[in-house]
Each structure stands twice: as structure tokens, then as C-alpha cells.
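Asks: Structure provided below as C-alpha cells; questions to follow.
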Amino acid sequence: MQLAILSTILALSSVAAAQEYKLGSPVADFTVRDLQGETHTFNQLKGVITVVTFISVQCPVSNAYNERMKALYADYAPKGVHFIFLNANSTEPAAAVEHHAKSHGFPFPVYKDDGNLVADRFNAQSTPEAYVMDKSSVMRYHGSIDDSQQESGIRNQWLRKALDAMLGGEPVQKAETKAFGCTIKRVRKSL
Amino acid sequence: MLLLSLLLPVLPAAAPALQPVDEAGVRQILQANRGKIVLFDFWATWCDPCRAELPALVKLEEKYRSRGVVLVTISCDSPDSGRAAAGFLRKTGVRPPFYIKRVQNDEDFINSVDVKWSGALPALFLYDRAGTRAGSFFGETDSVEIERAISKLFP
């Protein structure tokens, strides 16, 4: 009986630990690791507006967005937007992430989310998948960078629209969109 | 000529090409299979869980083919991976025709299949004999769960 109660408590606490961050609510501090092994916290990295984007080394969808992510960084970093690009794939070690970033000429740092702990708190499922927080760390946008992997098919640049709205002090019209791409390769948790 | 005719049986058969489909194409496939239980499998060569689960889906179709179950695979690969995708499907024993997603706008396509689908792969969608969606399975799904859902559609 006691074992059953303990098992239930443990199961419920593991559920409570997952998906902590929700749209419209503040994102609590979290820790990531840079590719040299140093840890950084969200509170250290965040700006007036902060974009957290989960990306991948191998995912063709994520890689289809490499140039668009570089353009976003070039356009919005000078406006005070901070970008945190995260690799949460257990199958992609820091060395591979570093090589990928260099070979694609990323002007921004990419961090590792060890054990996909941050991905779990965001309930991030895909790469690429973006989250935008305001100066109070409240999540104001979650979803895709735009609505088409093929650039010729883009009709809505959702992330740009969200950033423009927030920079202009306006509410984000479409706060949640579909983040299509490759599933994040999570560590397999054993019971 | 004699040598060629001797060689032909041992040469590997070319994998059928993947037929491009969009929103209308998916509806047409469903219409063409009215009266059958259709399991759509959205997958890609770069999706490890997709490749891992396909053999089990092939076995499910084989088991229930006589009861009208059809597996329809739709690759979400880019055009230059079409040959690799077709080769993998053939090697895995998937019955043609093979399809590949070719759409203008990904979000519109995803919503046309299921508004609850994020677009992440793998994704399976089960349709009953009337063409009504009977189940959506996102991410890696145990084939036992799929089989259970299929069985519910038998009289």
C-alpha cells in the first residue's frame, strides 16, 4: 500500500516537472550549457524580448531554416532581441553542434540542453520550434518561424510578426502556431 | 540478348516512383479507398522513429489486408531524397503506390489533415470505411495501440 502511494507521488511529481512553461505565463529560470561546457542561465541570457528556438544538426527541416534564422538574428538582435538557440537532441553531442554552427556560419551561439530538461519544461516537440518571452519573461508566442519549409510557399512569417508586435508594444495577434519539423530526440528515461 | 534475358530476373526491380500529393491528393486517395480501413503514415527518411516503426505497420497491413486494411505511406522528404525514400519503402516491403508530400504551404496541409497535428513526424491517421477519421497517432506509437484501434473498426 505504502509502495503504491509512493509510486503515485513520484509519478505525479514527474508529470508536474514536465511542461512547466505555458503561453501567457512567466518562464522560470533554466540552465543551458555552451559548446565549451560553461553553464548559463536564462536570466543571464535574456533580454527585453527573448527568443528560445530548438534546432538540430541533422534535421532537414531545421536546416531549411538556417538562413532564415541568421536573417532573424541580423534583423532583430540590433533591436535588443536576445536569441537562445538550443540543441536538445540526445543524439547530437556538443562537438557536432559546434561543427554544424561553424560550417553554416551561425553568428549566434548555440547551447546544449543536456537531458532535454529545458525542452521538457517548454514541452518542445520539434526542430525548429520557437518561443518568445517579453521583458517579464512571460511567454507571448510559441510555434513556427513561418508557415512553410519551402520559402516559396511562405504566407505568414509568424515569428517576425510576433516580434514586430512586441517591439511595437502591441499584443501578438497569433500567439500559437504549428511548429512542424523533426521530433526532438529525447533521452530514454528508464523507470 | 540471351545474356540480358538471363540477367534480367536477378537485376533488382526499380522502386516505383513516389507520386506527389497535396491536400486534394490525400482526399482523392481516401475517396479511392472508400469501403476500406485506411492507415495514413506520414514519414521521412530522416526520421529515425518513422523508419523504425514501418516494418510493424507493414506486418499489420499484411495481417488485416483480407479485412480491407490499407497502409498508405506519404513521405515528407525533399525531392532529392525521393529515390532513397522509394528504395527504403520497397526494401521494407511496403506495397505501392508510394506517395510524397508536395505542397505550397506546410501549415495549410497539416491543418487539412488534422488541426491537432503539429506536423511532427511520425504521424499516423486512421480512417474508417466511410472515410471518417477514427484516430490520430503522433510520435512513436506502439503497433499494439494501432492494432487495437484498427480492430475497433471491424464489425
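Every chain in the C-alpha cells takes a letter, A first, then B, and so on in the order presented; its residues are numbered from 1, and the ligands are numbered from 1 following the presented order.
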Do me a favour and pick out the residues of chain A within 8 Å of chain B, using only C-alpha atoms, as a ChimeraX atom specification.
Replies: /A:59-60,125-126,147-150,152-155,178-183
Asks: Residues of segment 8-159 of chain A in helix (DSSP H, G or I) according to DSSP, as a ChimeraX atom specification?
Replies: /A:8-17,42-45,60-64,66-79,94-103,114-122,151-153,158-159
Asks: Could those residues be written to a file, using C-alpha atoms, as a CSV table (one decimal), in the first residue's frame?
Replies:
```csv
chain,number,residue,atom,x,y,z
A,8,THR,CA,1.8,7.6,-7.3
A,9,ILE,CA,3.5,10.6,-5.7
A,10,LEU,CA,6.6,10.0,-7.8
A,11,ALA,CA,4.6,9.7,-11.0
A,12,LEU,CA,2.6,12.9,-10.2
A,13,SER,CA,5.8,14.8,-9.4
A,14,SER,CA,7.4,13.7,-12.7
A,15,VAL,CA,4.3,15.0,-14.5
A,16,ALA,CA,4.4,18.3,-12.6
A,17,ALA,CA,8.1,18.7,-13.6
A,42,PHE,CA,18.0,32.1,-18.9
A,43,ASN,CA,18.1,35.1,-16.5
A,44,GLN,CA,21.7,35.8,-17.6
A,45,LEU,CA,20.9,35.4,-21.3
A,60,PRO,CA,16.5,18.8,-42.8
A,61,VAL,CA,13.6,21.0,-41.7
A,62,SER,CA,15.7,22.8,-39.1
A,63,ASN,CA,18.5,23.2,-41.6
A,64,ALA,CA,16.0,24.6,-44.2
A,66,ASN,CA,19.3,28.1,-41.1
A,67,GLU,CA,19.4,31.2,-43.4
A,68,ARG,CA,16.1,32.4,-42.1
A,69,MET,CA,17.4,32.2,-38.5
A,70,LYS,CA,20.5,34.1,-39.5
A,71,ALA,CA,18.3,36.8,-41.1
A,72,LEU,CA,16.2,37.0,-38.0
A,73,TYR,CA,19.2,37.4,-35.8
A,74,ALA,CA,20.6,40.0,-38.1
A,75,ASP,CA,17.3,42.0,-38.2
A,76,TYR,CA,16.3,41.8,-34.6
A,77,ALA,CA,19.4,41.5,-32.4
A,78,PRO,CA,20.2,45.1,-33.1
A,79,LYS,CA,16.8,46.0,-31.8
A,94,ALA,CA,28.3,19.4,-28.4
A,95,ALA,CA,31.2,18.8,-30.8
A,96,ALA,CA,28.8,18.1,-33.6
A,97,VAL,CA,26.7,21.1,-32.7
A,98,GLU,CA,29.8,23.3,-32.8
A,99,HIS,CA,30.9,21.9,-36.2
A,100,HIS,CA,27.5,22.5,-37.6
A,101,ALA,CA,27.3,26.0,-36.3
A,102,LYS,CA,30.7,26.9,-37.7
A,103,SER,CA,30.1,25.3,-41.1
A,114,ASP,CA,21.5,18.3,-21.6
A,115,GLY,CA,19.0,15.6,-20.9
A,116,ASN,CA,16.4,17.7,-22.8
A,117,LEU,CA,15.4,19.2,-19.4
A,118,VAL,CA,14.6,22.7,-20.9
A,119,ALA,CA,12.7,21.1,-23.8
A,120,ASP,CA,10.6,19.2,-21.3
A,121,ARG,CA,9.8,22.4,-19.4
A,122,PHE,CA,8.7,24.0,-22.7
A,151,GLU,CA,10.5,29.6,-48.8
A,152,SER,CA,8.4,30.0,-52.0
A,153,GLY,CA,5.3,28.8,-50.0
A,158,TRP,CA,4.8,34.2,-37.7
A,159,LEU,CA,7.9,34.8,-35.6
```
Asks: Might you pull out every residue within 10 Å of Ala175 of chain A, with only C-alpha atoms counted and same-chain residues fewer than 5 positions away left off, and present them as a ChimeraX atom specification?
Replies: /A:23-24,131-132,139-143,158-159,161-162
Asks: With distances taken over only C-alpha atoms, which residue among A:Thr177, A:Ser137, A:Asn123, A:Ser90 lies nearest Thr50 of chain A?
Replies: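 Selected residue with least distance to Thr50 of chain A: A:Ser137.
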Asks: So how far away is atom CA of Ile146 of chain B from atom CA of Ala124 of chain A, in Å?
Replies: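 About the pair atom CA of Ala124 of chain A and atom CA of Ile146 of chain B: they are 24.5 Å apart.
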Asks: Please, which residues of segment 118-173 of chain A, numbered as in this document, come out strand (DSSP E or B) from DSSP, as a PyMOL selection string?
Replies: chain A and resi 126-127+129-133+138-143
Asks: When you draw a straight line from atom CA of Phe88 of chain B to atom CA of Pro20 of chain B, how long is it in Å?
Replies: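 Between atom CA of Phe88 of chain B and atom CA of Pro20 of chain B the gap is 17.0 Å.
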Asks: Using only C-alpha atoms, which of the listed residues (A:Gln173, A:Thr41, A:Gln36, A:Asn89) sits closest to Gln58 of chain A?
Replies: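 Among A:Gln173, A:Thr41, A:Gln36, A:Asn89, it is A:Asn89 that comes nearest to Gln58 of chain A.
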Asks: Name all residues at most 7 Å from segment 133-136 of chain A (count only C-alpha atoms; drop same-chain ones fewer than 4 positions away) and give them as a PyMOL selection string.
Replies: chain A and resi 26+47-51+140
Asks: Suppose we keep C-alpha atoms; can you now write the selection as a PDB file, in the first residue's frame?
Replies:
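This went into result_8.pdb:
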```pdb
ATOM      1  CA  PRO A  26       6.286  33.637 -16.896  1.00  0.00           C
ATOM      2  CA  GLY A  47      16.795  40.468 -22.986  1.00  0.00           C
ATOM      3  CA  VAL A  48      13.796  42.788 -23.180  1.00  0.00           C
ATOM      4  CA  ILE A  49      12.464  40.244 -25.653  1.00  0.00           C
ATOM      5  CA  THR A  50      13.948  36.760 -25.765  1.00  0.00           C
ATOM      6  CA  VAL A  51      13.529  34.097 -28.427  1.00  0.00           C
ATOM      7  CA  ARG A 140       3.896  35.639 -25.676  1.00  0.00           C
TER       8      ARG A 140
END
```
Asks: Skip Ala17 of chain B itself and residues of its chain fewer than 5 positions away, then list as a PyMOL selection string all residues within 12 Å of it, counting only C-alpha atoms.
Replies: chain B and resi 75+79+81-90+96-100
